[in-house]
>>> print(open('coords38.txt').read())   # compact mmCIF, C-alpha atoms
# COMPACT_ATOMS: atom_id res chain seq x y z
CA MET Z 1 -1.24 80.06 112.43
CA LYS Z 2 2.20 78.81 111.39
CA GLU Z 3 5.66 79.56 112.71
CA ALA Z 4 7.20 82.61 111.03
CA GLN Z 5 10.12 85.00 111.32
CA ASN Z 6 8.79 86.43 114.58
CA ILE Z 7 6.69 83.52 115.89
CA GLU Z 8 7.77 80.22 117.49
CA TYR Z 9 5.78 77.33 119.00
CA LYS Z 10 7.08 75.21 121.89
CA GLN Z 11 5.22 72.32 123.54
CA ASN Z 12 7.00 72.83 126.87
CA TRP Z 13 9.22 75.48 128.42
CA ARG Z 14 13.00 74.99 128.72
CA ASP Z 15 15.43 77.56 130.08
CA ASP Z 16 17.44 77.14 126.87
CA TYR Z 17 14.68 79.16 125.16
CA LEU Z 18 16.08 82.25 126.89
CA LYS Z 19 18.56 82.35 123.96
CA ARG Z 20 15.61 82.68 121.58
CA ILE Z 21 14.21 85.56 123.62
CA CYS Z 22 17.67 87.17 123.38
CA GLY Z 23 17.56 86.69 119.58
CA PHE Z 24 14.13 88.32 119.29
CA ALA Z 25 15.18 91.26 121.50
CA ASN Z 26 18.25 91.91 119.34
CA ALA Z 27 16.23 91.72 116.10
CA GLN Z 28 12.69 92.86 115.36
CA GLY Z 29 11.03 91.35 118.42
CA GLY Z 30 8.76 88.31 118.40
CA THR Z 31 6.48 85.93 120.26
CA ILE Z 32 7.00 82.47 121.71
CA PHE Z 33 3.90 80.36 122.37
CA VAL Z 34 4.43 77.67 125.01
CA GLY Z 35 1.97 74.77 124.92
CA ILE Z 36 1.51 74.67 121.13
CA ASP Z 37 3.13 72.09 118.86
CA ASP Z 38 5.00 72.74 115.58
CA LYS Z 39 1.78 72.42 113.56
CA GLY Z 40 0.04 75.13 115.56
CA ASN Z 41 -2.16 72.77 117.58
CA VAL Z 42 -2.74 73.61 121.25
CA CYS Z 43 -1.43 70.75 123.37
CA GLY Z 44 -1.45 72.65 126.67
CA VAL Z 45 1.16 73.26 129.33
CA GLY Z 46 0.64 71.85 132.85
CA ASN Z 47 2.49 74.39 134.96
CA ALA Z 48 1.24 77.54 133.23
CA LYS Z 49 0.62 79.67 136.34
CA ARG Z 50 4.08 78.99 137.79
CA LEU Z 51 5.74 79.70 134.43
CA MET Z 52 3.94 83.04 134.28
CA GLU Z 53 6.13 84.09 137.21
CA ASP Z 54 9.30 82.12 136.44
CA ILE Z 55 9.79 83.16 132.80
CA PRO Z 56 9.73 86.97 133.24
CA ASN Z 57 11.90 86.70 136.37
CA LYS Z 58 14.54 84.58 134.62
CA VAL Z 59 14.53 86.85 131.57
CA ARG Z 60 15.00 89.90 133.79
CA ASP Z 61 17.73 88.33 135.97
CA VAL Z 62 19.78 86.83 133.10
CA MET Z 63 19.41 89.51 130.41
CA GLY Z 64 17.91 92.59 132.03
CA VAL Z 65 14.97 92.41 129.62
CA ILE Z 66 11.29 92.77 130.39
CA VAL Z 67 8.81 90.48 128.59
CA ASP Z 68 5.04 90.12 128.74
CA VAL Z 69 3.75 86.63 129.56
CA ASN Z 70 0.03 86.14 128.88
CA LEU Z 71 -2.13 83.12 129.76
CA HIS Z 72 -4.58 81.80 127.16
CA GLU Z 73 -6.97 78.85 127.05
CA LYS Z 74 -8.45 76.86 124.19
CA GLU Z 75 -10.67 73.80 124.47
CA GLY Z 76 -9.78 73.51 128.15
CA LYS Z 77 -6.02 73.59 127.50
CA GLU Z 78 -3.85 76.43 128.82
CA TYR Z 79 -0.94 77.90 126.87
CA LEU Z 80 1.35 80.91 127.29
CA GLU Z 81 2.19 83.81 125.01
CA VAL Z 82 5.65 85.31 125.67
CA VAL Z 83 5.89 88.70 123.91
CA VAL Z 84 9.41 90.10 123.31
CA GLU Z 85 9.89 93.71 122.20
CA PRO Z 86 12.91 94.77 120.10
CA TYR Z 87 15.56 96.57 122.15
CA PRO Z 88 17.56 99.59 120.93
CA TYR Z 89 20.78 98.36 122.57
CA PRO Z 90 22.58 94.96 122.44
CA ILE Z 91 21.19 92.23 124.68
CA SER Z 92 23.42 89.37 125.82
CA TYR Z 93 22.63 85.96 127.26
CA LYS Z 94 25.47 85.02 129.64
CA GLY Z 95 27.96 86.91 127.47
CA GLN Z 96 26.58 85.53 124.20
CA TYR Z 97 24.79 87.66 121.61
CA HIS Z 98 21.99 85.89 119.75
CA TYR Z 99 20.07 87.25 116.78
CA ARG Z 100 16.91 86.20 115.00
CA SER Z 101 17.44 86.06 111.23
CA GLY Z 102 14.55 84.79 109.16
CA SER Z 103 13.14 81.78 110.97
CA THR Z 104 16.43 80.77 112.62
CA LYS Z 105 18.45 81.92 115.61
CA GLN Z 106 22.19 82.41 115.33
CA GLU Z 107 24.91 83.36 117.78
CA LEU Z 108 26.81 86.43 116.61
CA LYS Z 109 30.60 86.18 116.59
CA GLY Z 110 33.55 87.92 114.98
CA ALA Z 111 32.75 90.35 112.16
CA ALA Z 112 29.01 89.68 112.44
CA LEU Z 113 29.07 90.67 116.12
CA ASP Z 114 31.09 93.82 115.34
CA ARG Z 115 28.61 94.77 112.63
CA PHE Z 116 25.67 94.20 115.00
CA MET Z 117 27.22 96.28 117.79
CA LEU Z 118 27.92 99.17 115.41
CA ARG Z 119 24.39 99.10 114.03
CA LYS Z 120 22.90 99.20 117.55
CA GLN Z 121 25.03 102.30 118.21
CA GLY Z 122 23.82 103.95 115.02
CA LYS Z 123 27.23 103.57 113.38
CA THR Z 124 28.47 101.86 110.22
CA TRP Z 125 31.71 99.98 109.61
CA ASP Z 126 33.18 102.63 107.31
CA GLY Z 127 32.32 105.35 109.85
CA VAL Z 128 34.59 104.03 112.61
CA PRO Z 129 37.50 106.37 113.54
CA VAL Z 130 41.01 105.13 112.68
CA PRO Z 131 44.02 105.97 114.91
CA TYR Z 132 47.34 106.83 113.19
CA LEU Z 133 45.63 107.98 109.97
CA LYS Z 134 46.56 111.58 109.18
CA VAL Z 135 45.47 114.01 106.47
CA GLU Z 136 49.03 114.34 105.18
CA ASP Z 137 49.12 110.54 104.61
CA LEU Z 138 46.35 110.78 102.02
CA ASP Z 139 46.88 111.01 98.26
CA GLY Z 140 46.86 114.59 96.95
CA ALA Z 141 46.25 113.49 93.35
CA THR Z 142 43.06 111.72 94.41
CA PHE Z 143 41.83 114.87 96.15
CA ASP Z 144 42.49 116.81 92.93
CA LEU Z 145 40.60 114.16 90.94
CA PHE Z 146 37.69 114.29 93.38
CA ARG Z 147 37.50 118.10 93.12
CA LYS Z 148 37.44 117.84 89.33
CA PHE Z 149 34.62 115.27 89.37
CA ALA Z 150 32.63 117.08 92.07
CA LYS Z 151 32.84 120.39 90.22
CA LYS Z 152 31.60 118.74 87.04
CA SER Z 153 28.75 116.98 88.87
CA GLY Z 154 27.65 120.17 90.62
CA ARG Z 155 26.92 118.25 93.82
CA MET Z 156 29.18 120.40 95.98
CA ASP Z 157 29.50 124.16 96.30
CA GLU Z 158 32.49 125.44 94.39
CA ALA Z 159 33.57 127.39 97.48
CA ASP Z 160 33.81 124.14 99.46
CA LEU Z 161 36.01 122.63 96.77
CA GLN Z 162 38.51 125.47 97.31
CA ASP Z 163 39.01 124.41 100.93
CA SER Z 164 42.09 122.56 102.16
CA ASN Z 165 42.10 118.77 102.12
CA ALA Z 166 41.45 118.70 105.88
CA GLU Z 167 38.49 121.07 105.53
CA LEU Z 168 37.16 119.09 102.57
CA LEU Z 169 37.27 115.87 104.60
CA ASP Z 170 35.22 117.57 107.31
CA LYS Z 171 32.66 118.76 104.72
CA LEU Z 172 32.42 115.17 103.48
CA ARG Z 173 31.80 114.02 107.09
CA LEU Z 174 34.87 111.81 107.11
CA VAL Z 175 36.10 113.20 110.43
CA GLU Z 176 34.98 112.22 113.93
CA GLY Z 177 36.57 114.10 116.79
CA ASP Z 178 40.33 114.08 116.30
CA TYR Z 179 40.30 111.07 113.97
CA LEU Z 180 39.61 110.33 110.33
CA LYS Z 181 37.11 107.59 109.52
CA ARG Z 182 37.82 104.30 107.75
CA ALA Z 183 36.05 105.67 104.68
CA ALA Z 184 38.79 108.32 104.35
CA ALA Z 185 41.43 105.55 104.21
CA LEU Z 186 39.47 103.58 101.62
CA VAL Z 187 38.77 106.52 99.33
CA PHE Z 188 41.82 108.77 99.64
CA HIS Z 189 44.79 106.79 101.02
CA PRO Z 190 47.25 105.46 98.39
CA ASP Z 191 47.47 102.13 100.25
CA PRO Z 192 44.23 101.47 102.17
CA GLU Z 193 45.34 97.89 102.83
CA ARG Z 194 47.53 99.28 105.62
CA PHE Z 195 44.27 99.85 107.49
CA VAL Z 196 41.84 97.42 105.83
CA SER Z 197 43.10 93.98 104.77
CA GLY Z 198 41.63 92.64 101.53
CA ALA Z 199 40.71 96.10 100.20
CA TYR Z 200 41.63 95.37 96.57
CA ILE Z 201 40.22 93.79 93.41
CA LYS Z 202 41.36 90.50 91.87
CA ILE Z 203 40.62 89.62 88.23
CA GLY Z 204 41.14 86.21 86.60
CA TYR Z 205 40.50 84.70 83.17
CA PHE Z 206 39.20 81.12 83.24
CA LYS Z 207 38.41 78.44 80.71
CA GLU Z 208 35.29 76.28 80.98
CA ASN Z 209 37.11 73.63 83.01
CA ALA Z 210 37.83 76.33 85.64
CA ASN Z 211 41.53 76.44 84.79
CA LEU Z 212 43.01 79.87 85.55
CA ILE Z 213 44.78 81.19 82.43
CA PHE Z 214 46.03 84.54 83.79
CA GLN Z 215 45.17 87.01 86.55
CA ASP Z 216 45.78 90.54 87.84
CA GLU Z 217 45.35 92.46 91.10
CA ILE Z 218 44.35 96.12 91.35
CA HIS Z 219 45.48 97.93 94.49
CA GLY Z 220 45.25 101.54 95.66
CA ASN Z 221 42.29 103.58 96.89
CA LEU Z 222 38.76 102.90 95.64
CA PHE Z 223 38.89 105.56 92.91
CA GLN Z 224 42.09 103.98 91.58
CA GLN Z 225 40.65 100.47 91.86
CA VAL Z 226 37.55 101.27 89.80
CA LYS Z 227 39.62 102.97 87.08
CA GLY Z 228 42.26 100.22 87.06
CA ALA Z 229 39.69 97.43 86.91
CA MET Z 230 37.79 99.12 84.06
CA ASP Z 231 40.99 99.63 82.07
CA LEU Z 232 42.10 96.01 82.49
CA LEU Z 233 38.69 94.51 81.76
CA THR Z 234 38.03 96.55 78.63
CA THR Z 235 41.52 96.24 77.12
CA LYS Z 236 42.76 92.82 78.24
CA TYR Z 237 39.96 90.57 79.47
CA LEU Z 238 36.90 91.35 77.35
CA ARG Z 239 37.29 90.60 73.65
CA ALA Z 240 35.67 93.32 71.57
CA LEU Z 241 33.63 92.56 68.47
CA ILE Z 242 35.15 94.65 65.66
CA SER Z 243 33.00 96.14 62.91
CA TYR Z 244 33.22 99.12 60.57
CA GLU Z 245 30.94 102.05 59.91
CA GLY Z 246 32.28 103.31 56.61
CA ILE Z 247 36.03 103.55 57.22
CA GLN Z 248 35.66 103.97 60.98
CA ARG Z 249 36.61 101.00 63.15
CA VAL Z 250 34.03 100.23 65.87
CA GLU Z 251 34.71 97.94 68.83
CA SER Z 252 31.75 96.55 70.81
CA LEU Z 253 32.30 94.97 74.22
CA PRO Z 254 30.29 91.82 75.05
CA ILE Z 255 28.50 93.70 77.85
CA PRO Z 256 27.69 97.43 78.08
CA ARG Z 257 30.51 99.53 79.46
CA GLU Z 258 28.17 101.59 81.65
CA ALA Z 259 26.68 98.44 83.22
CA LEU Z 260 30.16 97.09 84.00
CA ARG Z 261 31.23 100.39 85.58
CA GLU Z 262 28.01 100.59 87.61
CA ALA Z 263 28.60 97.03 88.86
CA LEU Z 264 32.14 97.91 89.95
CA LEU Z 265 30.96 101.03 91.76
CA ASN Z 266 28.18 98.99 93.37
CA ALA Z 267 30.72 96.44 94.56
CA VAL Z 268 33.12 98.93 96.19
CA VAL Z 269 30.29 100.91 97.85
CA HIS Z 270 28.38 97.91 99.23
CA LYS Z 271 31.27 95.57 100.03
CA ALA Z 272 31.54 94.24 103.60
CA TYR Z 273 35.19 95.23 104.05
CA GLU Z 274 35.31 93.59 107.48
CA SER Z 275 35.25 90.24 105.64
CA LEU Z 276 38.91 90.87 104.66
CA THR Z 277 38.15 89.27 101.26
CA PRO Z 278 38.92 91.11 97.99
CA ILE Z 279 36.35 91.75 95.30
CA GLN Z 280 36.85 88.95 92.75
CA ILE Z 281 36.03 89.14 89.04
CA ALA Z 282 36.07 85.94 86.97
CA VAL Z 283 35.97 86.27 83.17
CA TYR Z 284 35.04 83.34 80.89
CA ASP Z 285 34.46 83.04 77.15
CA ASP Z 286 30.73 83.67 77.55
CA LYS Z 287 30.25 85.47 80.88
CA LEU Z 288 31.72 87.67 83.60
CA GLU Z 289 31.13 87.13 87.33
CA ILE Z 290 31.67 89.68 90.10
CA PHE Z 291 31.94 88.13 93.57
CA ASN Z 292 31.63 90.30 96.63
CA CYS Z 293 31.07 89.92 100.36
CA GLY Z 294 28.03 91.95 101.36
CA TYR Z 295 24.69 91.80 103.13
CA LEU Z 296 21.13 92.39 102.02
CA PRO Z 297 19.00 94.71 104.17
CA GLU Z 298 17.01 93.02 106.94
CA GLY Z 299 14.15 90.98 105.48
CA TRP Z 300 15.29 91.46 101.85
CA THR Z 301 15.64 88.81 99.15
CA VAL Z 302 17.33 88.93 95.74
CA ASP Z 303 13.92 89.79 94.25
CA ASN Z 304 13.91 93.02 96.26
CA LEU Z 305 17.39 93.77 94.97
CA LEU Z 306 16.40 93.26 91.33
CA GLY Z 307 13.23 95.34 91.72
CA THR Z 308 12.86 99.07 92.15
CA HIS Z 309 13.38 99.03 95.92
CA ARG Z 310 15.76 101.57 97.44
CA SER Z 311 18.17 100.76 100.23
CA ARG Z 312 20.77 102.58 102.29
CA PRO Z 313 24.34 101.85 101.14
CA TYR Z 314 26.27 99.39 103.27
CA ASN Z 315 29.09 101.97 103.48
CA PRO Z 316 27.23 105.31 103.49
CA ASP Z 317 30.34 107.44 104.06
CA VAL Z 318 32.09 105.86 101.06
CA ALA Z 319 28.89 106.20 99.02
CA ASN Z 320 28.63 109.89 99.92
CA VAL Z 321 32.08 110.59 98.44
CA PHE Z 322 31.26 108.77 95.19
CA PHE Z 323 27.87 110.51 95.05
CA ARG Z 324 29.44 113.97 95.46
CA ALA Z 325 31.93 113.08 92.75
CA GLY Z 326 29.07 112.20 90.39
CA GLU Z 327 30.24 108.60 90.13
CA ILE Z 328 26.92 107.20 91.32
CA GLU Z 329 23.59 108.78 90.44
CA THR Z 330 21.27 107.97 93.33
CA TRP Z 331 21.74 105.63 96.25
CA GLY Z 332 19.94 102.35 95.87
CA ARG Z 333 19.46 102.40 92.06
CA GLY Z 334 22.63 100.59 90.97
CA ILE Z 335 21.09 97.22 90.09
CA GLU Z 336 18.17 98.86 88.31
CA ARG Z 337 20.54 100.92 86.15
CA ILE Z 338 22.60 97.82 85.31
CA VAL Z 339 19.53 95.87 84.16
CA MET Z 340 18.32 98.79 82.05
CA ALA Z 341 21.74 99.21 80.41
CA CYS Z 342 21.90 95.50 79.49
CA LYS Z 343 18.39 95.62 78.06
CA SER Z 344 19.25 98.62 75.87
CA TYR Z 345 22.43 96.86 74.74
CA GLU Z 346 20.41 93.79 73.73
CA CYS Z 347 22.40 91.42 75.90
CA PRO Z 348 20.92 88.99 78.47
CA THR Z 349 19.71 90.32 81.80
CA PRO Z 350 22.36 89.70 84.48
CA THR Z 351 21.55 87.40 87.38
CA VAL Z 352 22.29 87.83 91.08
CA ARG Z 353 22.94 85.06 93.61
CA TYR Z 354 23.13 85.64 97.35
CA SER Z 355 24.01 83.27 100.18
CA SER Z 356 25.14 83.97 103.75
CA GLY Z 357 26.83 87.30 103.12
CA GLU Z 358 28.26 86.37 99.71
CA MET Z 359 26.93 87.83 96.47
CA TRP Z 360 27.55 87.07 92.80
CA MET Z 361 26.48 89.23 89.85
CA VAL Z 362 26.76 87.37 86.54
CA PHE Z 363 26.82 89.13 83.16
CA TYR Z 364 26.19 86.98 80.06
CA PHE Z 365 27.81 88.06 76.80
CA ARG Z 366 25.90 88.94 73.67
CA GLU Z 367 25.64 86.03 71.25
CA GLU Z 368 27.71 87.67 68.52
CA ASN Z 369 30.53 88.29 70.99
CA GLN Z 370 30.42 84.67 72.14
CA GLU Z 371 30.68 83.50 68.53
CA GLY Z 372 33.49 85.93 67.90
CA SER Z 373 35.29 84.69 70.95
CA GLN Z 374 34.89 81.06 69.89
CA LYS Z 375 36.13 81.80 66.37
CA SER Z 376 39.07 83.70 67.78
CA SER Z 377 39.84 80.79 70.08
CA GLN Z 378 39.57 78.32 67.20
CA LYS Z 379 41.92 80.40 65.02
CA SER Z 380 44.36 80.69 67.90
CA SER Z 381 44.22 76.91 68.42
CA GLN Z 382 44.79 76.28 64.70
CA LYS Z 383 47.80 78.61 64.60
CA SER Z 384 49.25 76.94 67.68
CA SER Z 385 48.75 73.49 66.12
CA GLN Z 386 50.42 74.60 62.88
CA LYS Z 387 53.44 75.93 64.76
CA SER Z 388 53.74 72.69 66.74
CA SER Z 389 53.54 70.64 63.50
CA GLN Z 390 56.37 72.65 61.96
CA LYS Z 391 58.49 72.21 65.08
CA ILE Z 392 57.89 68.43 65.07
CA ILE Z 393 58.88 68.16 61.41
CA GLU Z 394 62.07 70.10 62.13
CA LEU Z 395 62.87 67.89 65.15
CA ILE Z 396 62.42 64.75 63.01
CA ARG Z 397 64.64 66.21 60.32
CA GLN Z 398 67.37 66.80 62.91
CA ASN Z 399 66.91 63.40 64.63
CA PRO Z 400 64.84 60.68 62.88
CA ASN Z 401 65.13 58.48 66.00
CA ILE Z 402 63.49 61.06 68.31
CA THR Z 403 60.68 59.79 70.57
CA THR Z 404 57.32 61.45 71.16
CA SER Z 405 58.32 62.10 74.78
CA GLU Z 406 61.41 63.95 73.62
CA MET Z 407 59.33 65.94 71.13
CA ALA Z 408 56.87 66.93 73.87
CA GLU Z 409 59.67 68.13 76.12
CA ALA Z 410 61.35 70.05 73.29
CA ILE Z 411 58.27 72.04 72.22
CA GLY Z 412 56.67 72.40 75.66
CA VAL Z 413 53.46 70.37 75.26
CA ASN Z 414 52.25 67.06 76.65
CA ARG Z 415 52.91 63.69 75.01
CA ARG Z 416 49.25 63.20 74.10
CA THR Z 417 49.29 66.42 72.04
CA VAL Z 418 52.40 65.26 70.20
CA ALA Z 419 50.79 61.88 69.46
CA LYS Z 420 47.74 63.63 68.04
CA ILE Z 421 49.83 65.92 65.81
CA THR Z 422 52.09 63.11 64.53
CA LYS Z 423 49.01 61.03 63.69
CA THR Z 424 47.58 63.94 61.67
CA LEU Z 425 50.91 64.40 59.87
CA GLN Z 426 50.99 60.68 59.05
CA THR Z 427 47.41 60.77 57.74
CA LYS Z 428 48.37 63.64 55.44
CA GLY Z 429 51.39 61.69 54.21
CA ILE Z 430 53.86 64.27 55.48
CA ILE Z 431 55.71 61.86 57.80
CA GLN Z 432 55.74 58.10 58.29
CA ARG Z 433 56.90 55.70 60.93
CA VAL Z 434 59.30 53.00 59.77
CA GLY Z 435 59.72 49.99 62.06
CA PRO Z 436 58.25 49.39 65.53
CA ASP Z 437 57.59 52.06 68.14
CA LYS Z 438 60.77 51.02 69.92
CA GLY Z 439 63.74 50.78 67.62
CA GLY Z 440 62.06 52.34 64.59
CA HIS Z 441 62.56 55.81 63.10
CA TRP Z 442 60.72 58.67 61.38
CA GLU Z 443 60.91 59.65 57.71
CA ILE Z 444 59.74 62.86 56.07
CA ALA Z 445 58.14 63.09 52.63
CA GLU Z 446 60.02 66.19 51.56
CA ASP Z 447 57.71 66.87 48.62
CA SER Z 448 54.72 66.97 50.95
CA VAL Z 449 56.50 69.43 53.25
CA LYS Z 450 57.29 71.72 50.38
>>> encode(input="coords38.txt", output="structure tokens")
Amino acid sequence: MKEAQNIEYKQNWRDDYLKRICGFANAQGGTIFVGIDDKGNVCGVGNAKRLMEDIPNKVRDVMGVIVDVNLHEKEGKEYLEVVVEPYPYPISYKGQYHYRSGSTKQELKGAALDRFMLRKQGKTWDGVPVPYLKVEDLDGATFDLFRKFAKKSGRMDEADLQDSNAELLDKLRLVEGDYLKRAAALVFHPDPERFVSGAYIKIGYFKENANLIFQDEIHGNLFQQVKGAMDLLTTKYLRALISYEGIQRVESLPIPREALREALLNAVVHKAYESLTPIQIAVYDDKLEIFNCGYLPEGWTVDNLLGTHRSRPYNPDVANVFFRAGEIETWGRGIERIVMACKSYECPTPTVRYSSGEMWMVFYFREENQEGSQKSSQKSSQKSSQKSSQKIIELIRQNPNITTSEMAEAIGVNRRTVAKITKTLQTKGIIQRVGPDKGGHWEIAEDSVK
């Protein structure tokens, strides 16, 4: 038997292993075998009977946890089995909270500790009450938009939609006691960043060398962010392939619109907002990447995510609002719907990468859109080069003694670009250099220019 997520082998006992018991108790439970090496071979432990008393006593005194310690023997060698049950409340080791994740133990701190504490209390991050947030602070236009969507979706009784905003919030379970929940700020407040830092979307356009060409930020509540991001992506960032059906102009995006929208909704519903990091969308000539801070369910891998598995939303209160509005179909099917949409659109299946609470979804453009983009880029480059050539000719006409450095400064490009253009103009016989680089001058073949 090998070490696994809930099994560890130790040749000897050390009190430092109490942290590992703490980690098992806070996770799914587990077993520590003392007197077995890393390969699963019984090596024996000399003080087994004393440890059978010491280990449970120390665990109880330090952490208030009860464990079973069983004595076993194999080939004349004694070893211990320490069985740790999962506990429904947080267990600390001298003020530290340890957690078993996969085959490793980690100490929980900061946002991870907050998330763990909430989960043990049966709460979620978006369900935490927020002081100073009032119903009258929320955006009335967004409530009206929600009512319109919810009526169309049929997922709420029409009578409930006639209620006041305060009553509607209660029906949506966004109220706890005298306070509104964080989800209410995210979904309905005009400026949720007053309560949740990093609650916005950032979009950038990059070239292959990772140079940022231009960027935008979309702020406002989550309904406004999804709409704003879709508008910007489809009109500014994603080049459409233009074709005609008869006399009708048809524009085709490089990835399916419904898949892009589903990915945006997936991002805002599953984002770990406690990370304080915005959703980031990077657009290239041949792909689009959506980066988001989020966490897979316990024991899940990316393969589970890409399959037909269903999972509870990371922000269930936020998800409930979008579900009632008809913006998401069924919880847990977002990735599946995205893959199906891309397949129907005949573009490559998107990929998902996940590492330590960070997730990337990458869409790859259809081949015809990539070609169109490259041709467009080439045409743009040619036009730019032609304009620069004309400017250089005019500068030489005004000052035959002008240097390439002065040309570069005048037209706003680097010296290397000017050297390349002047060399092309010389090859074509449009200009020529008379005399040395220093002290010489330029001449223009006027007939060639005409």
>>> atom_distance(input="coords38.txt", atom1="atom CA of Lys423 of chain Z", atom2="atom CA of Asn399 of chain Z")
18.1 Å
>>> atom_distance(input="coords38.txt", atom1="atom CA of Gly412 of chain Z", atom2="atom CA of Glu217 of chain Z")
27.7 Å
>>> closest_residue(input="coords38.txt", among="Z:Cys22, Z:Val321, Z:Leu169, Z:Ile7", to="Arg155 of chain Z", atoms="only C-alpha atoms")
Z:Val321
>>> residues_near_point(input="coords38.txt", point="(4.9, 69.2, 120.9)", cutoff="9 Å", atoms="all atoms listed in the file", output="list in words")
Tyr9, Lys10, Gln11, Asn12, Gly35, Ile36, Asp37, Asp38, Lys39, Asn41, Val42 and Cys43 of chain Z
>>> atom_distance(input="coords38.txt", atom1="atom CA of Leu172 of chain Z", atom2="atom CA of Glu358 of chain Z")
29.3 Å
>>> closest_atom_pairs(input="coords38.txt", of="segment 312-357 of chain Z", to="segment 271-291 of chain Z", cutoff="10 Å", atoms="all atoms listed in the file", output="JSON lines")
{"residue": "Z:Pro313", "atom": "CA", "partner": "Z:Lys271", "partner_atom": "CA", "distance": 9.4}
{"residue": "Z:Tyr314", "atom": "CA", "partner": "Z:Lys271", "partner_atom": "CA", "distance": 7.1}
{"residue": "Z:Asn315", "atom": "CA", "partner": "Z:Lys271", "partner_atom": "CA", "distance": 7.6}
{"residue": "Z:Pro350", "atom": "CA", "partner": "Z:Glu289", "partner_atom": "CA", "distance": 9.6}
{"residue": "Z:Thr351", "atom": "CA", "partner": "Z:Glu289", "partner_atom": "CA", "distance": 9.6}
{"residue": "Z:Val352", "atom": "CA", "partner": "Z:Ile290", "partner_atom": "CA", "distance": 9.6}
{"residue": "Z:Arg353", "atom": "CA", "partner": "Z:Phe291", "partner_atom": "CA", "distance": 9.5}
{"residue": "Z:Tyr354", "atom": "CA", "partner": "Z:Phe291", "partner_atom": "CA", "distance": 9.9}
{"residue": "Z:Gly357", "atom": "CA", "partner": "Z:Ala272", "partner_atom": "CA", "distance": 8.4}
>>> write_last_selection(input="coords38.txt", atoms="C-alpha atoms", output="JSON list (two decimals), keeping the file's coordinate frame")
[["chain", "number", "residue", "atom", "x", "y", "z"],
["Z", 313, "PRO", "CA", 24.34, 101.85, 101.14],
["Z", 314, "TYR", "CA", 26.27, 99.39, 103.27],
["Z", 315, "ASN", "CA", 29.09, 101.97, 103.48],
["Z", 350, "PRO", "CA", 22.36, 89.70, 84.48],
["Z", 351, "THR", "CA", 21.55, 87.40, 87.38],
["Z", 352, "VAL", "CA", 22.29, 87.83, 91.08],
["Z", 353, "ARG", "CA", 22.94, 85.06, 93.61],
["Z", 354, "TYR", "CA", 23.13, 85.64, 97.35],
["Z", 357, "GLY", "CA", 26.83, 87.30, 103.12]]
>>> residues_around(input="coords38.txt", residues="Asn26 of chain Z", least_positions_apart="6", cutoff="8 Å", atoms="all atoms listed in the file", output="number ranges by chain")
Z: 86-91, 98-100
